[in-house]
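Colleague: Just dropping this structure here.
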Amino acid sequence: MAHLDVKNISQSFGEQEVLEEINFSIDQGEFVSILGPSGSGKSTLFRIIGGIETPTSGDIVLNNESIKNQPGSVSYTPQSPSLFPWRSVLDNVLLGQEIQGKRDRDTALQMIDRAGLSDYADAYPYELSGGMKQRVSFIRSVLSPQPLILLDEPFSALDEFTRTDMQQWLLSMWEEHKRSIVFVTHNIEEALFLSDRIIILSNSPANIQREMSVSFERPRNEDLLLSHDFLEFKKEIYKEMRASHLPS
Amino acid sequence: MLNLIRQGWRPLAVLILLFIIWELSVVVFDVPKWFLPAPSDIFTVGINEWTEYNQHVFATIELIIIGFIVGSLSGILVATLLHLIPVLRQSMYPLIILSQNIPIIVLAPLLVGWFGFGMLPKLIVITLVCFFPIAISLLGGLQQTDRDLRHYMLMAGATKRQMFWKLEWPSALPSLFSGLKISATYSVMGAVISEWLGANKGLGVYMTLASSSFRADRVFVAIFIIVFISLLFFMLIVWLEKRVIRWQASEKRNTNGSS
């Protein structure tokens, strides 16, 4: 039985259809990337899964229960780190738990330590670098009690090397905690490097153009990025996406 | 403290220069005391008559503190209510702006007529003066929360109450303090104006008496004391702001230090 089930989701705003019959499911502990060009309705899909937007039709099911219009059912790492400037790093990572009910300070401190931020537990966000902020933001999601984590292009604002470091860090965190992750990105390489499966969205209205399994061995490291198989795979996806992305 | 001296010496030097020019002009042009007293005369009167007028100073300070507290609390209350209840905001906001177009100096005698010479009409005057800057800036702060943070809170399933206490209120604190700073100085003016109308104690009374008996030196003593109280009050709020808003105060300090 699938963990998260996205069933026939369609969404339109007036005349404009944004999502058309989106169907996919995610298994327990799986890492799935949703790959699509900018403006392909990825954010809309996230808002629907997150329960803060109502789809025109369709349903979202998590662990056999509908979570349509139920905010707070999944954990969320936004595109910008969205740390609260008046909260210390420790209080920021505890926010997700706080909203859901109880704070577990000790686990939070352990995770901050594991992320190499133990010196910064009492620091305010403005004292952190971009990569550190993103790590704090992700720890906040992992600490939140929900079983599924949504990541919305979390590394898009980082430079190449920081991004690669962050991706590896994310993988190690995921392998350790085995939470299901839905990762949205427009970066083919990133999707390939991280996921078990890639779902390619077509352009407006978005529907699922193709689903692919990524079977590179885990744990993965940086060398994979330049291997022959990896680049071949990237080429294939690139062609697939290019075909549907007609020059405007 | 060192920072204060480094940044504060320029205006202080200008002020001292002005006093020197003033003093010299009075001596050179032989200006009569009742017309314009020299700074040194004002200073002497201020020191010598302290025991006579200090009761007025304390009465005014008391009035300022009570008035400021009542005024800020009502400003905070009004802003919060208007923020939480959109219907109220749409119907009341224009009226609040309008309320500031009524000249206080005209309204004050009416208030005395309605409520007598006690504390109440004076508090109403100070509250009217104080609450506006606080209500407007706090409301602005509450309405302009960061969109990304709001989005996160929604996705995390925050209730309206959590949204207010964990996001809107803390993010509006800097705006609240800019309102408080304006109101702190306004409340001093408000207190003096309210005392002009009718009171038996206070700097407003002292000023009216001094001015009607052509004691320009005493008027200036009162003016300097009022300026000093305003400044002190303003600094108190700035100090409080630095204590409360540590995440920004230190940020500012950092950028100042590096430039």
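Letters for chains follow the order of the structure tokens (A, B, ...), residue numbers begin at 1 for each chain, and ligand numbers begin at 1 in the order shown.
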I want to know what sits within 12 Å of Ile139 (chain A), based on only C-alpha atoms, with residues of the same chain fewer than 6 positions away left out; could you give that as a ChimeraX atom specification?
Modeller: /A:75-77,81,83,89-97,107-117,132-133,145,149,151,169-170,173-174,177
Colleague: Store the residues picked out above in a file with C-alpha atoms, as a PDB file, in the first residue's frame.
Modeller:
```
ATOM      1  CA  SER A  75       6.249  18.589   6.867  1.00  0.00           C
ATOM      2  CA  TYR A  76       7.554  21.329   4.622  1.00  0.00           C
ATOM      3  CA  THR A  77      10.938  22.822   3.692  1.00  0.00           C
ATOM      4  CA  PRO A  81      15.004  28.958   4.374  1.00  0.00           C
ATOM      5  CA  LEU A  83      13.781  30.993   9.430  1.00  0.00           C
ATOM      6  CA  VAL A  89      18.569  28.230  15.739  1.00  0.00           C
ATOM      7  CA  LEU A  90      17.331  25.903  18.475  1.00  0.00           C
ATOM      8  CA  ASP A  91      13.942  27.626  18.722  1.00  0.00           C
ATOM      9  CA  ASN A  92      13.657  27.667  14.945  1.00  0.00           C
ATOM     10  CA  VAL A  93      14.153  23.927  14.534  1.00  0.00           C
ATOM     11  CA  LEU A  94      11.594  23.328  17.282  1.00  0.00           C
ATOM     12  CA  LEU A  95       8.916  25.449  15.600  1.00  0.00           C
ATOM     13  CA  GLY A  96       7.391  22.612  13.572  1.00  0.00           C
ATOM     14  CA  GLN A  97       6.979  20.542  16.739  1.00  0.00           C
ATOM     15  CA  THR A 107      16.692  15.456  20.111  1.00  0.00           C
ATOM     16  CA  ALA A 108      16.815  18.896  18.538  1.00  0.00           C
ATOM     17  CA  LEU A 109      20.171  19.634  20.143  1.00  0.00           C
ATOM     18  CA  GLN A 110      21.500  16.272  18.955  1.00  0.00           C
ATOM     19  CA  MET A 111      20.441  16.974  15.384  1.00  0.00           C
ATOM     20  CA  ILE A 112      21.913  20.455  15.438  1.00  0.00           C
ATOM     21  CA  ASP A 113      25.115  18.850  16.639  1.00  0.00           C
ATOM     22  CA  ARG A 114      25.035  16.236  13.878  1.00  0.00           C
ATOM     23  CA  ALA A 115      24.581  18.967  11.290  1.00  0.00           C
ATOM     24  CA  GLY A 116      27.787  20.596  12.516  1.00  0.00           C
ATOM     25  CA  LEU A 117      25.937  23.581  13.962  1.00  0.00           C
ATOM     26  CA  MET A 132      23.671  26.757   7.236  1.00  0.00           C
ATOM     27  CA  LYS A 133      20.244  28.362   7.035  1.00  0.00           C
ATOM     28  CA  PRO A 145       6.245  14.904  13.607  1.00  0.00           C
ATOM     29  CA  ILE A 149       8.637  15.781   3.984  1.00  0.00           C
ATOM     30  CA  LEU A 151      11.119  20.023  -0.175  1.00  0.00           C
ATOM     31  CA  TRP A 169      24.274  16.050   3.560  1.00  0.00           C
ATOM     32  CA  LEU A 170      20.583  15.698   2.723  1.00  0.00           C
ATOM     33  CA  MET A 173      20.220  12.619   6.776  1.00  0.00           C
ATOM     34  CA  TRP A 174      17.587  10.825   4.752  1.00  0.00           C
ATOM     35  CA  HIS A 177      16.019   8.841   9.260  1.00  0.00           C
TER      36      HIS A 177
END
```
Colleague: Given a cut-off of 6 Å, which residues of chain B touch chain A, counting only C-alpha atoms, written out as a CSV table (one decimal) with N, CA and C atoms, in the first residue's frame?
Modeller:
```csv
chain,number,residue,atom,x,y,z
B,148,ASP,N,6.9,34.5,3.0
B,148,ASP,CA,7.5,33.1,3.1
B,148,ASP,C,7.2,32.5,4.4
B,149,LEU,N,7.4,33.3,5.5
B,149,LEU,CA,7.2,32.8,6.8
B,149,LEU,C,5.7,32.5,7.0
B,155,MET,N,1.5,26.0,5.9
B,155,MET,CA,1.8,24.6,5.6
B,155,MET,C,2.0,23.7,6.8
B,156,ALA,N,2.5,24.3,7.9
B,156,ALA,CA,2.8,23.6,9.1
B,156,ALA,C,1.5,23.4,9.9
B,157,GLY,N,0.4,24.0,9.4
B,157,GLY,CA,-0.9,23.8,10.1
B,157,GLY,C,-1.1,24.6,11.3
B,158,ALA,N,-0.5,25.9,11.3
B,158,ALA,CA,-0.7,26.8,12.5
B,158,ALA,C,-2.1,27.3,12.6
B,247,TRP,N,17.6,40.5,18.0
B,247,TRP,CA,18.0,39.9,16.7
B,247,TRP,C,18.2,41.0,15.6
```
Colleague: Please return, as a PyMOL selection string, all residues of region 27-242 of chain A that DSSP assigns to alpha helix (DSSP H) on the basis of the backbone.
Modeller: chain A and resi 42-49+89-93+95-100+105-114+130-143+160-177+188-194+228-242
Colleague: Atoms to include: C-alpha atoms. Write the selected residues as a short mmCIF file (atom, residue, chain, number, x, y, z; two decimals), in the first residue's frame.
Modeller:
```cif
data_model
loop_
_atom_site.label_atom_id
_atom_site.label_comp_id
_atom_site.auth_asym_id
_atom_site.auth_seq_id
_atom_site.Cartn_x
_atom_site.Cartn_y
_atom_site.Cartn_z
CA LYS A 42 4.85 22.65 -9.04
CA SER A 43 4.14 25.16 -6.32
CA THR A 44 0.40 24.77 -6.85
CA LEU A 45 0.77 21.01 -6.47
CA PHE A 46 2.68 21.58 -3.23
CA ARG A 47 0.06 23.90 -1.87
CA ILE A 48 -2.57 21.27 -2.61
CA ILE A 49 -0.60 18.45 -0.94
CA VAL A 89 18.57 28.23 15.74
CA LEU A 90 17.33 25.90 18.47
CA ASP A 91 13.94 27.63 18.72
CA ASN A 92 13.66 27.67 14.94
CA VAL A 93 14.15 23.93 14.53
CA LEU A 95 8.92 25.45 15.60
CA GLY A 96 7.39 22.61 13.57
CA GLN A 97 6.98 20.54 16.74
CA GLU A 98 5.67 23.51 18.67
CA ILE A 99 2.86 24.05 16.18
CA GLN A 100 1.91 20.40 16.39
CA ARG A 105 14.70 19.84 23.08
CA ASP A 106 17.25 17.06 23.50
CA THR A 107 16.69 15.46 20.11
CA ALA A 108 16.81 18.90 18.54
CA LEU A 109 20.17 19.63 20.14
CA GLN A 110 21.50 16.27 18.96
CA MET A 111 20.44 16.97 15.38
CA ILE A 112 21.91 20.45 15.44
CA ASP A 113 25.12 18.85 16.64
CA ARG A 114 25.03 16.24 13.88
CA GLY A 130 23.09 30.46 3.23
CA GLY A 131 23.98 26.77 3.43
CA MET A 132 23.67 26.76 7.24
CA LYS A 133 20.24 28.36 7.04
CA GLN A 134 19.07 25.70 4.61
CA ARG A 135 20.35 22.98 6.95
CA VAL A 136 18.48 24.52 9.87
CA SER A 137 15.36 24.71 7.73
CA PHE A 138 15.65 21.05 6.84
CA ILE A 139 16.29 19.98 10.44
CA ARG A 140 13.09 21.82 11.33
CA SER A 141 11.25 19.59 8.83
CA VAL A 142 12.87 16.38 10.01
CA LEU A 143 12.01 17.21 13.61
CA GLU A 160 27.40 24.93 -7.13
CA PHE A 161 29.75 23.54 -4.47
CA THR A 162 27.63 24.43 -1.48
CA ARG A 163 24.75 22.82 -3.31
CA THR A 164 26.65 19.56 -3.89
CA ASP A 165 27.66 19.51 -0.23
CA MET A 166 24.10 20.12 0.82
CA GLN A 167 22.78 17.38 -1.44
CA GLN A 168 25.18 14.88 0.10
CA TRP A 169 24.27 16.05 3.56
CA LEU A 170 20.58 15.70 2.72
CA LEU A 171 21.14 12.13 1.48
CA SER A 172 23.00 11.15 4.63
CA MET A 173 20.22 12.62 6.78
CA TRP A 174 17.59 10.83 4.75
CA GLU A 175 19.40 7.47 4.86
CA GLU A 176 19.62 7.82 8.59
CA HIS A 177 16.02 8.84 9.26
CA ILE A 188 17.90 17.52 -13.76
CA GLU A 189 21.24 16.68 -12.19
CA GLU A 190 19.95 17.31 -8.71
CA ALA A 191 16.90 15.11 -9.26
CA LEU A 192 19.06 12.29 -10.64
CA PHE A 193 21.62 12.46 -7.89
CA LEU A 194 19.12 12.38 -5.06
CA HIS A 228 29.16 7.90 -17.88
CA ASP A 229 25.86 6.32 -16.88
CA PHE A 230 24.82 9.39 -14.98
CA LEU A 231 25.48 11.70 -17.91
CA GLU A 232 23.67 9.38 -20.33
CA PHE A 233 20.65 9.37 -18.05
CA LYS A 234 20.78 13.15 -17.78
CA LYS A 235 20.87 13.41 -21.59
CA GLU A 236 17.79 11.24 -21.90
CA ILE A 237 15.81 13.32 -19.44
CA TYR A 238 17.00 16.51 -21.05
CA LYS A 239 15.72 15.37 -24.47
CA GLU A 240 12.46 14.23 -22.96
CA MET A 241 11.87 17.61 -21.34
CA ARG A 242 13.14 19.62 -24.27
#
```
Colleague: Near Gln100 (chain B), within 9 Å and counting only C-alpha atoms, which residues show up once chain neighbours fewer than 5 positions away are dropped, as a CSV table (one decimal) with C-alpha atoms, in the first residue's frame?
Modeller:
```
chain,number,residue,atom,x,y,z
B,95,LEU,CA,-12.2,57.2,11.4
B,128,LEU,CA,-5.4,60.8,22.1
B,129,VAL,CA,-2.0,62.1,21.3
B,132,PHE,CA,-2.3,57.2,17.1
```
Colleague: In Å, with one decimal, what is the gap from CA of Ile126 (chain B) to CA of Leu173 (chain B)?
Modeller: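 Value for the CA of Ile126 (chain B)-CA of Leu173 (chain B) distance: 22.4 Å.
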Colleague: Identify which of the residues A:Asp104, A:Ser180, A:Glu153, A:Ala206 lies closest to Ile9 (chain A), counting only C-alpha atoms when measuring atom-to-atom distances.
Modeller: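 Closest residue, counting only C-alpha atoms: A:Ala206.
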Colleague: Would you mind listing what lies within 6 Å of region 133-146 of chain B as a ChimeraX atom specification, with only C-alpha atoms counted and same-chain residues fewer than 3 positions away left out?
Modeller: /B:75-76,79,149,168,172,175-176,179-180
Colleague: Going by DSSP on the backbone, which residues of region 37-243 of chain A come out as strand (DSSP E)? List them as a PyMOL selection string.
Modeller: chain A and resi 57-62+65-66+75-77+148-152+180-185+197-201+208-213
Colleague: Counting only C-alpha atoms, which of A:Leu128, A:Ile34, A:Val6, A:Ala121 gets nearest to Gln209 (chain A)?
Modeller: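 Nearest to Gln209 (chain A): A:Ile34.
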Colleague: Between A:Ser244, A:Lys102, A:Asn187, A:Ile26, which one has atoms that come closest to Ser204 (chain A), using only C-alpha atoms?
Modeller: A:Ser244
